[in-house]
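Trainee: The following block contains the structure, expressed as structure tokens.
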Amino acid sequence: MSRALATELASLNDAQRKVVAHSGSLVVRAGPGSGKTRTLVAKVGDLLGARISPRQGLAAITYTRQAAREIRVRLDRLGIRPGRRLACGTVHGWCLAAVLRPYGPLVGISAPTQGAVIDDGDDKWLALLQRSFTEVGLRNQVEYEKAKITKLRREIAAGYVEVGEANPMVEAAVRFDEHLLAEGLWDFDAMVARTLAIVRDEPTVARLVADRYPWLVVDEYQDLGPVLHELVLTLHDEAGAGVAAFGDPDQSLMGFTGADPLYLNELTELPGFRDLPLTVNYRCGRAIVAASEAALRDERGYEADPRRDDTGTIEPIAVTGGLESHAAAVIRKLEELVAAGVPEHHIVVLYPRKGPLLDDLTAALAQSRFEYVHERDERLPQGPLADFLRACAARAVAGYQPLGVEDTTAVSPLGELCEEYKRLRESSGLEPLRGRSVERLLATSLNDTDSADRPLGEWLVGLSSAINLPAVAAGSPAAKDRYVLKAFYEVAERHSLTVRDIATGTLRAGKITLTTYHSAKGREWPVVIMPGLVDGIMPRRPWDKWSRTFAEPSPPDLAQDRRSFYVGLTRAKDAVVMITGTYWVSRRDRPPNFYGVSRFAEDVLTHIDRVEKQEDGDRGGYRSLE
């Protein structure tokens, strides 16, 4: 065990140490700010160092590539460098590497070839779905049915939906997967579904996988859906793999694709699993913790760090106009905060989804003096290679020693970037590089202290030449990777981007963050501003074309939006600014929609009033600057 890991284990609280020390399968329901990732990393380090044979490995499965990168970075800083013993990545990435490539050909399933991996933004994907709809007599527009089909495909693969039902959407989902297979194409859901089919149908393969990876550590379990749940249960029950499932049912935000808090909660009731919750919130002041439980309408028993003196602040601001007034209130609050000495990158402005609120926010910010990062900015390409380039840019901006960067896990060590580059080369079918040549090539390209404000296109030319990125892109199984370099060059020229511009989504240095509730999950800022707290915006009311009104949300949609609001509140370390209103306008030519203040905000405001009365006028950490 490394000295750094030993020190880390000694610094954990009692509940965290129980998680690390427990030798059997377990569920860790971890509330916001409870040190979930820190505990998960310590658990992985302890398993690799003391509990798993050096001949065996461990699978750390995450929801995003960024989360996987953070785990590897934190392990590196604890002196843990397990190499190929650790398979740390997304569920589809692990399925591809651990099951489909080594065992798929043995059971007649060939692994993805060059350009064979597509997603729901690809024209081929949409064309196959349209073909499937046409074959079963559906006339729905496929662009609006992607989430519904994704949810159905996952439930069918998990065995939760009967394929023989006389349901055209179910039949379309089945035909879509058949067409993918016949065309030799894959998407991420197909990777996980076909992996589950293999381990269910081939017990020998399940045992071989569990022997190679005797432990599965799963992050954000509540968002990973029914197919992963069945895969975990199969490997645990049939092949004896240990499972450490980390998550928070109250932060499940992917219900529209089949995720459900039920799956994480179900594990706690199964034989062989122990429930070890983490309940201390080290991020938020106790006023924010109490308000977040009021937003859930249920007590969870969470408590703030007892060593923290300040209570945190909830500041409600009521506006009398429409959403443009919310945006104007955001700008006024930013002026006030920055004048008081709050750095711009300590502030996040959250919005629930695309729509009129986002339009008004971006218009107001564009006219203000503030620089901001819109993290859902669709100008920039996405995908594994795009993530690698942005991680390289963050490293180049932060420098060899990332001094002044508050969250140093946002900057990948050179060794982690080298490992990621090797993984990209391997998936593209390129010959592995020997010795320390990768380290030398990347070090030369990324340790230039003047890189931050260089034109992005110029910097990409140098990096591409040094590590042969065109060959990596051309051989990638992910179709979108083949066009990433071209897309970066085009957007760099069109918008005069610098290296800093594509790194700021990671570093956020000197700029306000504008992002969705969903994208904020797992992160924190000292100040959170939440505009648009009007019923119909948050929670969303769907448009009913028959009654020509915005209808009451369904119970599942309402529950999901409540969880999103809860996530937004609990991103704040010091202060939450809630901007409320009574109406909004969906289109400029339509009358206002008077649905009143967001019911979620009302729950918090009612809680504040009750606290005020109980404390006989002492606000106890709450304040309003109106």
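If you're wondering about the labels, chains in the structure tokens are A, B, ... by order shown, residues count from 1 in each chain, ligands from 1 in order shown.
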Leaving out Leu216 of chain A and any residue of its chain fewer than 6 positions from it, which residues lie within 8 Å of it when counting only C-alpha atoms, given as a VMD selection string?
Mentor: chain A and resid 58 to 61 232 241 to 244
Trainee: Report as a ChimeraX atom specification: the residues of segment 11-113 of chain A with a DSSP assignment of alpha helix (DSSP H), based on the backbone of this structure.
Mentor: /A:11,14-21,36-46,65-77,91-95,101-103
Trainee: Which residues come within 10 Å of Glu171 of chain A, counting only C-alpha atoms, excluding same-chain residues fewer than 5 positions away, as a PyMOL selection string?
Mentor: chain A and resi 132-133+135-136+152+163-166+176
Trainee: By how many Å are atom CA of Arg51 of chain A and atom CA of Ala6 of chain A apart?
Mentor: 14.8 Å
Trainee: Taking 4 positions as the minimum chain separation for residues in the same chain, which residues sit within 6 Å of Thr90 of chain A when counting only C-alpha atoms? Answer as an mmCIF file with all heavy atoms, in the first residue's frame.
Mentor:
data_model
loop_
_atom_site.group_PDB
_atom_site.id
_atom_site.type_symbol
_atom_site.label_atom_id
_atom_site.label_comp_id
_atom_site.auth_asym_id
_atom_site.auth_seq_id
_atom_site.Cartn_x
_atom_site.Cartn_y
_atom_site.Cartn_z
ATOM 1 N N ILE A 61 -16.812 0.995 -13.219
ATOM 2 C CA ILE A 61 -17.737 1.379 -14.285
ATOM 3 C C ILE A 61 -18.379 2.709 -13.936
ATOM 4 O O ILE A 61 -18.922 2.885 -12.832
ATOM 5 C CB ILE A 61 -18.805 0.291 -14.491
ATOM 6 C CG1 ILE A 61 -18.138 -1.010 -14.951
ATOM 7 C CG2 ILE A 61 -19.853 0.734 -15.495
ATOM 8 C CD1 ILE A 61 -19.066 -2.202 -14.978
ATOM 9 N N THR A 62 -18.345 3.654 -14.867
ATOM 10 C CA THR A 62 -18.842 5.003 -14.621
ATOM 11 C C THR A 62 -19.890 5.384 -15.659
ATOM 12 O O THR A 62 -20.055 4.709 -16.684
ATOM 13 C CB THR A 62 -17.699 6.030 -14.681
ATOM 14 O OG1 THR A 62 -17.165 6.049 -16.009
ATOM 15 C CG2 THR A 62 -16.589 5.670 -13.704
ATOM 16 N N TYR A 63 -20.559 6.497 -15.398
ATOM 17 C CA TYR A 63 -21.588 6.967 -16.318
ATOM 18 C C TYR A 63 -20.983 7.744 -17.486
ATOM 19 O O TYR A 63 -21.509 7.711 -18.598
ATOM 20 C CB TYR A 63 -22.591 7.848 -15.566
ATOM 21 C CG TYR A 63 -23.756 8.264 -16.406
ATOM 22 C CD1 TYR A 63 -24.721 7.339 -16.812
ATOM 23 C CD2 TYR A 63 -23.913 9.582 -16.817
ATOM 24 C CE1 TYR A 63 -25.794 7.711 -17.593
ATOM 25 C CE2 TYR A 63 -24.987 9.967 -17.609
ATOM 26 C CZ TYR A 63 -25.917 9.028 -17.990
ATOM 27 O OH TYR A 63 -26.980 9.406 -18.774
ATOM 28 N N THR A 64 -19.874 8.448 -17.246
ATOM 29 C CA THR A 64 -19.255 9.256 -18.300
ATOM 30 C C THR A 64 -17.758 8.991 -18.368
ATOM 31 O O THR A 64 -17.144 8.519 -17.408
ATOM 32 C CB THR A 64 -19.453 10.769 -18.039
ATOM 33 O OG1 THR A 64 -18.758 11.134 -16.825
ATOM 34 C CG2 THR A 64 -20.931 11.113 -17.898
#
Trainee: Quick one: residues within 8 Å of Leu497 of chain A, only C-alpha atoms counted, chain neighbours fewer than 5 positions away excluded, as an mmCIF file with C-alpha atoms, in the first residue's frame?
Mentor:
data_model
loop_
_atom_site.group_PDB
_atom_site.id
_atom_site.type_symbol
_atom_site.label_atom_id
_atom_site.label_comp_id
_atom_site.auth_asym_id
_atom_site.auth_seq_id
_atom_site.Cartn_x
_atom_site.Cartn_y
_atom_site.Cartn_z
ATOM 1 C CA PRO A 455 -4.971 29.767 -32.066
ATOM 2 C CA LEU A 456 -6.656 26.395 -31.648
ATOM 3 C CA VAL A 491 -15.120 25.611 -35.506
ATOM 4 C CA ALA A 492 -11.721 27.058 -34.540
ATOM 5 C CA ILE A 502 -11.859 24.341 -25.491
#
Trainee: Fewer than 6 positions away in the same chain doesn't count, so skip those; otherwise give me all residues within 12 Å of Pro271 of chain A, counting only C-alpha atoms, as number ranges by chain.
Mentor: A: 24-27, 233, 236-237
Trainee: If you count only C-alpha atoms, which residues fall within 7 Å of segment 595-608 of chain A, apart from same-chain ones fewer than 2 positions away, as a list in words?
Mentor: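 Result of the neighbour search: Ala291, Ala294, Ala295, Leu533, Val534, Asp535, Gly536, Met538, Pro539, Arg562, Thr580, Gly581, Thr582, Tyr583, Asn593, Arg610, Val611 and Glu612 of chain A.
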Trainee: Which distance in Å separates atom CA of Glu178 of chain A and atom CA of Asp123 of chain A, to one decimal?
Mentor: 17.5 Å
Trainee: For each of A:Thr134, A:Gly93, A:Val348, A:Val73, take the minimum atom-to-atom distance to Leu414 of chain A, counting only C-alpha atoms, then give the residue where this is smallest.
Mentor: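 Looking at the shortest contact to Leu414 of chain A, the residue is A:Val73.
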Trainee: In terms of the shortest atom-to-atom distance over only C-alpha atoms, which of A:Leu224, A:Leu47, A:Ala111, A:Ala364 is closest to Gly247 of chain A?
Mentor: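 The shortest atom-to-atom distance to Gly247 of chain A comes from A:Leu224.
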Trainee: Counting only C-alpha atoms, which residue out of A:Leu228, A:Ala10, A:Ala116, A:Ala339 sits closest to Pro477 of chain A?
Mentor: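 The shortest atom-to-atom distance to Pro477 of chain A comes from A:Ala116.
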Trainee: What does the structure give for the distance between atom CA of Thr570 of chain A and atom CA of Arg523 of chain A, in Å to one decimal?
Mentor: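 Between atom CA of Thr570 of chain A and atom CA of Arg523 of chain A the gap works out to 9.3 Å.
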